[in-house]
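Q: First the structure, then my questions, so here it is.
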Amino acid sequence: MNKIVNSAMMGVAKRIMMCRPTHFKVDYSINPWMDEKIQADFEKATKQWDTLKSTIEKCGAEVVVMESEDARDYPDIVFCANAGILRGNKIYLSHFAFPERYGEHVFYKRFFDKLGYQTSFNHKIIHEGAGDALWCGNGMNILVSGVGPRSDVQACQDIKRKLKLNSDDTFYVVAARLVDPRFYHVDTCFCPLDEDLAMAYMPAFDSVSQNNIRNYTDLLPVPEKDARRFVCNSVVIGKNVIVHHGSDTTFKLLEQHGFQVHPIDMSEFMKAGGSAKCCTLRLE
Ligand code: ARG
């Protein structure tokens with residue numbers, strides 16, 4: 001049994017958004033993992049989502065749920081990491097690359113308006129939110145933003161402009177070009193663990209991007225077999241790492257670095273090309 005290091009005990013209060021998988025299914029194929037002939041088991045998916053939620057809560061974070069009964073045309077809306085990128089009270093809402101997900105932004109906007117966030121949306125530039133942009137580095141002030149499959153490089157400047165909180169607010173956006181179709185969002189191959197360290201499957205990036213990322217964070221390299229089990233798609237809460245089971249090589253490495261691994265089953269969501277982290281969005 002894992003002993004849980006509660007993030008509240010470590011003084012790290014966290015709020016995490018999750019979207020209920022009310023209409024989740026594999027209805028189309030917009031990434032190499034999706035095959036409409038291999039359908040997700042809805043009951044099993046719902047149980048897996050509940051377990052993810054309760055594990056996050058046990059690790060000391062509060063989960064804020066977005067309901068989705070009226071989003072029946074959007075089976076992927078459960079992957080709310082793709083809602084947008086947050087900084088302070090601002091959110092840069094996603095402009096999805098595929099028409100299948102484009103309309104989700106309306107639901108996310110409604111949710112964040114209600115919570116009192118200042119939202120922005122760029123009709124011209126494609127970017128898929130925190131699924132494709134992760135804060136890391138000293139002060140968590142570096143935003144590693146995916147470029148290629150799902151997000152435009154032009155988004156980097158636009159994000160900087162729109163998310164700047166005030167004239168003293170400084171952060172950097174690093175463009176990271178994704179080159180392996182299986183790892184089509186940054187959060188499928190890169191996972192910041194704290195200000196100094198991230199785990200990553202670096203062959204998913206082109207060589208220039210690999211060097212750029214190395215400028216800002218130390219890396220725990222994960223083997224391809226674990227990357228394919230979405231080990232980089234982990235939810236990190238303080239020293240707790242919540243992740244799909246079975247990536248034992250990486251789990252050992254994480255434990256050697258003082259992290260506690262909480263393996264759960266995310267098999268049904270992986271049929272849609274996502275795992276634990278994709279089903280969450282950090283609100284702080
Ligand atoms: N089926 C979804 C898509 O292709 C999965 C999204 C996974 N989200 C993520 N943040 N990696 O868009």
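In the structure tokens, chains take the letters A, B, ... in the order shown, each chain's residues start at 1, and ligands count up from 1 in the order shown.
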Within 8 Å of ligand 1, counting only C-alpha atoms and all ligand atoms: which residues, as number ranges by chain?
A: A: 26, 29-31, 34, 76, 79-82, 101, 128-132, 184-188, 233, 272-275, 277-279
Q: How about saving the chosen residues, N, CA and C atoms kept, as a JSON list (two decimals), in the first residue's frame?
A:
```json
[["chain", "number", "residue", "atom", "x", "y", "z"],
["A", 26, "VAL", "N", -15.46, 6.62, -28.25],
["A", 26, "VAL", "CA", -14.51, 6.81, -29.35],
["A", 26, "VAL", "C", -15.34, 6.91, -30.63],
["A", 29, "SER", "N", -11.65, 9.42, -35.30],
["A", 29, "SER", "CA", -10.23, 9.17, -35.07],
["A", 29, "SER", "C", -9.41, 10.41, -35.46],
["A", 30, "ILE", "N", -8.89, 11.09, -34.46],
["A", 30, "ILE", "CA", -8.09, 12.30, -34.74],
["A", 30, "ILE", "C", -6.68, 12.17, -34.18],
["A", 31, "ASN", "N", -6.33, 10.98, -33.71],
["A", 31, "ASN", "CA", -4.95, 10.71, -33.32],
["A", 31, "ASN", "C", -4.71, 9.21, -33.52],
["A", 34, "MET", "N", -6.72, 6.34, -31.67],
["A", 34, "MET", "CA", -8.18, 6.20, -31.76],
["A", 34, "MET", "C", -8.57, 5.32, -32.94],
["A", 76, "ASP", "N", -15.04, 13.96, -26.50],
["A", 76, "ASP", "CA", -13.68, 14.14, -25.98],
["A", 76, "ASP", "C", -13.58, 15.25, -24.93],
["A", 79, "PHE", "N", -11.43, 15.35, -21.77],
["A", 79, "PHE", "CA", -10.00, 15.68, -21.77],
["A", 79, "PHE", "C", -9.84, 17.19, -21.59],
["A", 80, "CYS", "N", -10.17, 17.66, -20.40],
["A", 80, "CYS", "CA", -10.25, 19.11, -20.17],
["A", 80, "CYS", "C", -8.89, 19.77, -19.97],
["A", 81, "ALA", "N", -7.79, 18.99, -20.02],
["A", 81, "ALA", "CA", -6.47, 19.62, -20.09],
["A", 81, "ALA", "C", -6.44, 20.53, -21.32],
["A", 82, "ASN", "N", -7.27, 20.19, -22.30],
["A", 82, "ASN", "CA", -7.32, 20.96, -23.53],
["A", 82, "ASN", "C", -8.28, 22.15, -23.48],
["A", 101, "ARG", "N", -13.57, 18.75, -32.30],
["A", 101, "ARG", "CA", -13.47, 19.29, -30.94],
["A", 101, "ARG", "C", -13.67, 20.81, -30.88],
["A", 128, "GLU", "N", -4.04, 24.06, -28.44],
["A", 128, "GLU", "CA", -4.89, 23.15, -27.68],
["A", 128, "GLU", "C", -4.62, 23.16, -26.17],
["A", 129, "GLY", "N", -4.39, 24.36, -25.66],
["A", 129, "GLY", "CA", -4.44, 24.56, -24.21],
["A", 129, "GLY", "C", -3.34, 23.87, -23.41],
["A", 130, "ALA", "N", -3.68, 23.57, -22.16],
["A", 130, "ALA", "CA", -2.69, 23.01, -21.25],
["A", 130, "ALA", "C", -2.33, 21.57, -21.59],
["A", 131, "GLY", "N", -3.06, 20.97, -22.53],
["A", 131, "GLY", "CA", -2.63, 19.66, -23.05],
["A", 131, "GLY", "C", -1.38, 19.84, -23.90],
["A", 132, "ASP", "N", -1.23, 21.05, -24.44],
["A", 132, "ASP", "CA", -0.11, 21.33, -25.34],
["A", 132, "ASP", "C", 0.75, 22.47, -24.81],
["A", 184, "TYR", "N", 1.23, 13.57, -29.80],
["A", 184, "TYR", "CA", 0.72, 14.71, -30.57],
["A", 184, "TYR", "C", 0.43, 15.94, -29.70],
["A", 185, "HIS", "N", 0.46, 15.77, -28.37],
["A", 185, "HIS", "CA", 0.35, 16.89, -27.43],
["A", 185, "HIS", "C", 1.58, 16.83, -26.53],
["A", 186, "VAL", "N", 2.05, 17.99, -26.08],
["A", 186, "VAL", "CA", 3.21, 18.01, -25.19],
["A", 186, "VAL", "C", 3.01, 17.15, -23.94],
["A", 187, "ASP", "N", 1.76, 17.11, -23.44],
["A", 187, "ASP", "CA", 1.56, 16.34, -22.19],
["A", 187, "ASP", "C", 1.52, 14.83, -22.40],
["A", 188, "THR", "N", 1.74, 14.38, -23.63],
["A", 188, "THR", "CA", 1.87, 12.94, -23.85],
["A", 188, "THR", "C", 3.34, 12.49, -23.76],
["A", 233, "ASN", "N", 1.91, 11.26, -19.01],
["A", 233, "ASN", "CA", 0.61, 11.88, -18.81],
["A", 233, "ASN", "C", 0.13, 11.66, -17.37],
["A", 272, "ALA", "N", -8.87, 6.58, -26.53],
["A", 272, "ALA", "CA", -9.11, 7.86, -27.21],
["A", 272, "ALA", "C", -7.81, 8.68, -27.29],
["A", 273, "GLY", "N", -6.71, 8.09, -26.82],
["A", 273, "GLY", "CA", -5.42, 8.77, -26.92],
["A", 273, "GLY", "C", -5.10, 9.68, -25.75],
["A", 274, "GLY", "N", -5.72, 9.41, -24.60],
["A", 274, "GLY", "CA", -5.42, 10.24, -23.43],
["A", 274, "GLY", "C", -5.31, 9.40, -22.17],
["A", 275, "SER", "N", -4.74, 9.97, -21.11],
["A", 275, "SER", "CA", -4.65, 9.25, -19.85],
["A", 275, "SER", "C", -4.97, 10.21, -18.69],
["A", 277, "LYS", "N", -3.47, 12.75, -16.85],
["A", 277, "LYS", "CA", -3.26, 14.21, -16.90],
["A", 277, "LYS", "C", -4.23, 14.89, -17.88],
["A", 278, "CYS", "N", -4.51, 14.23, -19.00],
["A", 278, "CYS", "CA", -5.43, 14.82, -20.00],
["A", 278, "CYS", "C", -6.80, 15.08, -19.41],
["A", 279, "CYS", "N", -7.18, 14.31, -18.39],
["A", 279, "CYS", "CA", -8.52, 14.46, -17.79],
["A", 279, "CYS", "C", -8.53, 15.50, -16.69]]
```
Q: Could you list, as number ranges by chain, every residue within 10 Å of Glu57 in chain A, counting only C-alpha atoms and ignoring same-chain residues fewer than 4 positions away?
A: A: 6-7, 14-16, 51-53, 61-63, 237
Q: Any chance you could export the current selection's C-alpha atoms as an mmCIF file, in the first residue's frame?
A:
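result_0.cif written:
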```
data_model
loop_
_atom_site.group_PDB
_atom_site.id
_atom_site.type_symbol
_atom_site.label_atom_id
_atom_site.label_comp_id
_atom_site.auth_asym_id
_atom_site.auth_seq_id
_atom_site.Cartn_x
_atom_site.Cartn_y
_atom_site.Cartn_z
ATOM 1 C CA ASN A 6 -0.964 14.765 1.310
ATOM 2 C CA SER A 7 -0.173 17.972 -0.575
ATOM 3 C CA LYS A 14 -4.279 22.718 -5.169
ATOM 4 C CA ARG A 15 -7.481 22.926 -7.175
ATOM 5 C CA ILE A 16 -7.902 20.726 -10.163
ATOM 6 C CA THR A 51 -10.958 6.548 -9.142
ATOM 7 C CA LEU A 52 -8.793 9.241 -10.715
ATOM 8 C CA LYS A 53 -10.897 11.877 -8.946
ATOM 9 C CA ALA A 61 -6.182 18.538 -3.983
ATOM 10 C CA GLU A 62 -9.719 19.804 -4.402
ATOM 11 C CA VAL A 63 -11.482 18.688 -7.582
ATOM 12 C CA ILE A 237 0.510 16.799 -6.771
#
```
Q: Using backbone DSSP assignments, extract all strand (DSSP E or B) residues from range 48-133 of chain A; output them as a list in words.
A: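 Selection result, strand (DSSP E or B) within range 48-133 of chain A: Ala61, Glu62, Val63, Val64, Val65, Met66, Gly84, Ile85, Leu86, Arg87, Lys90, Ile91, Tyr92, Leu93, His95, Gln118, Thr119, Ser120, His127 and Ala133 of chain A.
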Q: Between CA of Tyr108 in chain A and CA of Ala198 in chain A, what distance in Å does the model show, to one decimal?
A: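 According to the coordinates, CA of Tyr108 in chain A and CA of Ala198 in chain A are separated by 28.0 Å.
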Q: Mind giving me the straight-line distance from CA of Asp248 in chain A to CA of Leu178 in chain A in Å, one decimal?
A: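 Computing the Euclidean distance for CA of Asp248 in chain A and CA of Leu178 in chain A yields 25.2 Å.
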Q: Calculated over only C-alpha atoms, which of the candidates A:Tyr92, A:Phe107, A:Lys44, A:Asn211 has the smallest distance to Asp70 in chain A?
A: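 The closest residue to Asp70 in chain A is A:Phe107.
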Q: Skip Cys156 in chain A itself and residues of its chain fewer than 2 positions away, then list as a list of chain:residue names all residues within 9 Å of it, counting only C-alpha atoms.
A: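 Once the nearby chain positions are removed, what remains is A:Ser145, A:Asp152, A:Val153, A:Gln154, A:Asp158, A:Ile159, A:Lys160, A:Arg161, A:Val173, A:Val174, A:Ala175.
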Q: May I have the residues from that selection written out with all heavy atoms, as a CSV table (one decimal), in the first residue's frame?
A:
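After the write, result12.csv holds the following:
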```csv
chain,number,residue,atom,x,y,z
A,145,SER,N,5.6,24.9,-25.0
A,145,SER,CA,4.3,24.9,-25.8
A,145,SER,C,4.6,24.0,-27.1
A,145,SER,O,5.5,24.2,-27.8
A,145,SER,CB,4.0,26.3,-26.2
A,145,SER,OG,2.8,26.3,-27.0
A,152,ASP,N,-0.2,26.0,-33.3
A,152,ASP,CA,0.6,26.8,-34.2
A,152,ASP,C,1.7,27.5,-33.5
A,152,ASP,O,1.5,27.9,-32.3
A,152,ASP,CB,-0.3,27.9,-34.9
A,152,ASP,CG,-1.3,27.4,-35.8
A,152,ASP,OD1,-1.2,26.3,-36.2
A,152,ASP,OD2,-2.3,28.2,-36.0
A,153,VAL,N,2.8,27.7,-34.2
A,153,VAL,CA,4.0,28.3,-33.5
A,153,VAL,C,3.6,29.8,-33.2
A,153,VAL,O,4.0,30.3,-32.2
A,153,VAL,CB,5.2,28.2,-34.4
A,153,VAL,CG1,5.2,29.0,-35.7
A,153,VAL,CG2,6.5,28.6,-33.6
A,154,GLN,N,2.7,30.4,-34.0
A,154,GLN,CA,2.4,31.8,-33.8
A,154,GLN,C,1.7,32.0,-32.4
A,154,GLN,O,1.6,33.1,-31.9
A,154,GLN,CB,1.4,32.4,-34.8
A,154,GLN,CG,1.9,32.4,-36.2
A,154,GLN,CD,1.5,31.2,-37.0
A,154,GLN,OE1,1.7,30.1,-36.5
A,154,GLN,NE2,0.9,31.4,-38.2
A,158,ASP,N,1.3,35.2,-29.0
A,158,ASP,CA,-0.1,35.6,-28.6
A,158,ASP,C,-0.4,35.2,-27.2
A,158,ASP,O,-1.0,36.0,-26.4
A,158,ASP,CB,-1.1,34.8,-29.6
A,158,ASP,CG,-2.4,35.5,-29.6
A,158,ASP,OD1,-2.5,36.7,-29.6
A,158,ASP,OD2,-3.4,34.7,-29.5
A,159,ILE,N,0.1,34.0,-26.8
A,159,ILE,CA,-0.1,33.6,-25.4
A,159,ILE,C,0.6,34.5,-24.4
A,159,ILE,O,0.1,35.0,-23.4
A,159,ILE,CB,0.5,32.1,-25.2
A,159,ILE,CG1,-0.4,31.1,-25.9
A,159,ILE,CG2,0.6,31.8,-23.7
A,159,ILE,CD1,0.2,29.8,-26.1
A,160,LYS,N,1.8,34.9,-24.8
A,160,LYS,CA,2.6,35.8,-24.0
A,160,LYS,C,1.9,37.2,-23.8
A,160,LYS,O,1.8,37.7,-22.7
A,160,LYS,CB,4.0,36.1,-24.6
A,160,LYS,CG,5.1,35.5,-23.9
A,160,LYS,CD,6.4,36.0,-24.2
A,160,LYS,CE,7.0,36.6,-22.9
A,160,LYS,NZ,8.3,37.2,-23.1
A,161,ARG,N,1.4,37.6,-24.9
A,161,ARG,CA,0.6,38.9,-24.8
A,161,ARG,C,-0.6,38.8,-24.0
A,161,ARG,O,-0.9,39.6,-23.1
A,161,ARG,CB,0.2,39.3,-26.2
A,161,ARG,CG,0.9,40.6,-26.7
A,161,ARG,CD,0.3,41.2,-28.0
A,161,ARG,NE,-0.3,40.2,-28.9
A,161,ARG,CZ,0.3,39.7,-29.9
A,161,ARG,NH1,1.6,40.0,-30.1
A,161,ARG,NH2,-0.3,38.8,-30.7
A,173,VAL,N,7.9,31.7,-23.2
A,173,VAL,CA,7.2,30.6,-23.9
A,173,VAL,C,8.2,29.9,-24.9
A,173,VAL,O,8.8,30.6,-25.7
A,173,VAL,CB,6.0,31.1,-24.7
A,173,VAL,CG1,5.2,29.9,-25.3
A,173,VAL,CG2,5.0,31.9,-23.8
A,174,VAL,N,8.4,28.6,-24.7
A,174,VAL,CA,9.4,27.9,-25.5
A,174,VAL,C,8.6,27.0,-26.4
A,174,VAL,O,7.8,26.2,-26.0
A,174,VAL,CB,10.3,27.0,-24.5
A,174,VAL,CG1,11.3,26.2,-25.3
A,174,VAL,CG2,11.0,27.9,-23.5
A,175,ALA,N,8.9,27.2,-27.7
A,175,ALA,CA,8.2,26.4,-28.7
A,175,ALA,C,8.9,25.0,-28.8
A,175,ALA,O,10.1,24.9,-28.9
A,175,ALA,CB,8.3,27.1,-30.1
```
Q: If we count only C-alpha atoms, what is near range 85-87 of chain A at a cut-off of 10 Å, once residues fewer than 4 positions away on the same chain are taken out, given as a PyMOL selection string?
A: chain A and resi 81+91-94+117-119+127-135+143+159+162-165+281-284
Q: Show me, as a list in words, the residues that have an atom within 9 Å of Ile264 in chain A when counting only C-alpha atoms, minus same-chain residues fewer than 3 positions from it.
A: Gln48, Thr51, Leu52, Thr55, Ile242, Val243, His244, His245 and Ala276 of chain A
Q: For Cys19 in chain A, which residue among A:Arg110, A:Asp35, A:Thr280, A:His123 is the nearest when counting only C-alpha atoms?
A: A:Thr280
Q: Return the single residue from A:Val64, A:Leu197, A:Val222, A:Cys232 that is closest to His257 in chain A, with distances computed using only C-alpha atoms.
A: A:Leu197
Q: Could you list, as a compact mmCIF listing (two decimals) with C-alpha atoms, in the first residue's frame, every residue within 10 Å of Thr250 in chain A, counting only C-alpha atoms and ignoring same-chain residues fewer than 4 positions away?
A:
```txt
# COMPACT_ATOMS: atom_id res chain seq x y z
CA MET A 199 10.19 13.35 -17.00
CA LEU A 220 14.31 12.06 -16.18
CA PRO A 221 14.32 10.13 -19.46
CA VAL A 222 11.54 7.57 -19.86
CA PRO A 223 11.88 4.53 -22.13
CA LYS A 225 7.72 1.31 -23.73
CA ASP A 226 6.64 3.49 -20.77
CA ALA A 227 5.99 6.53 -22.95
CA VAL A 231 3.67 7.57 -18.23
CA CYS A 232 4.33 11.24 -19.06
CA GLY A 246 2.59 -0.73 -15.52
CA LEU A 254 10.49 8.36 -9.76
CA GLU A 255 10.74 6.63 -6.40
CA GLN A 256 14.50 7.09 -6.40
CA VAL A 261 3.66 6.63 -7.50
```
Q: Can you list, as number ranges by chain, all residues belonging to range 61-271 of chain A that DSSP tags as alpha helix (DSSP H)?
A: A: 99-102, 104-114, 155-163, 207-216, 224-227, 248-256, 267-270
Q: Taking 5 positions as the minimum chain separation for residues in the same chain, which residues sit within 9 Å of Ser207 in chain A when counting only C-alpha atoms? Answer as a list in words.
A: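 Everything that qualifies: Arg177, Met202 and Asn212 of chain A.
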Q: Between CA of Pro21 in chain A and CA of Arg182 in chain A, what distance in Å does the model show, to one decimal?
A: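 So the answer is 22.9 Å.
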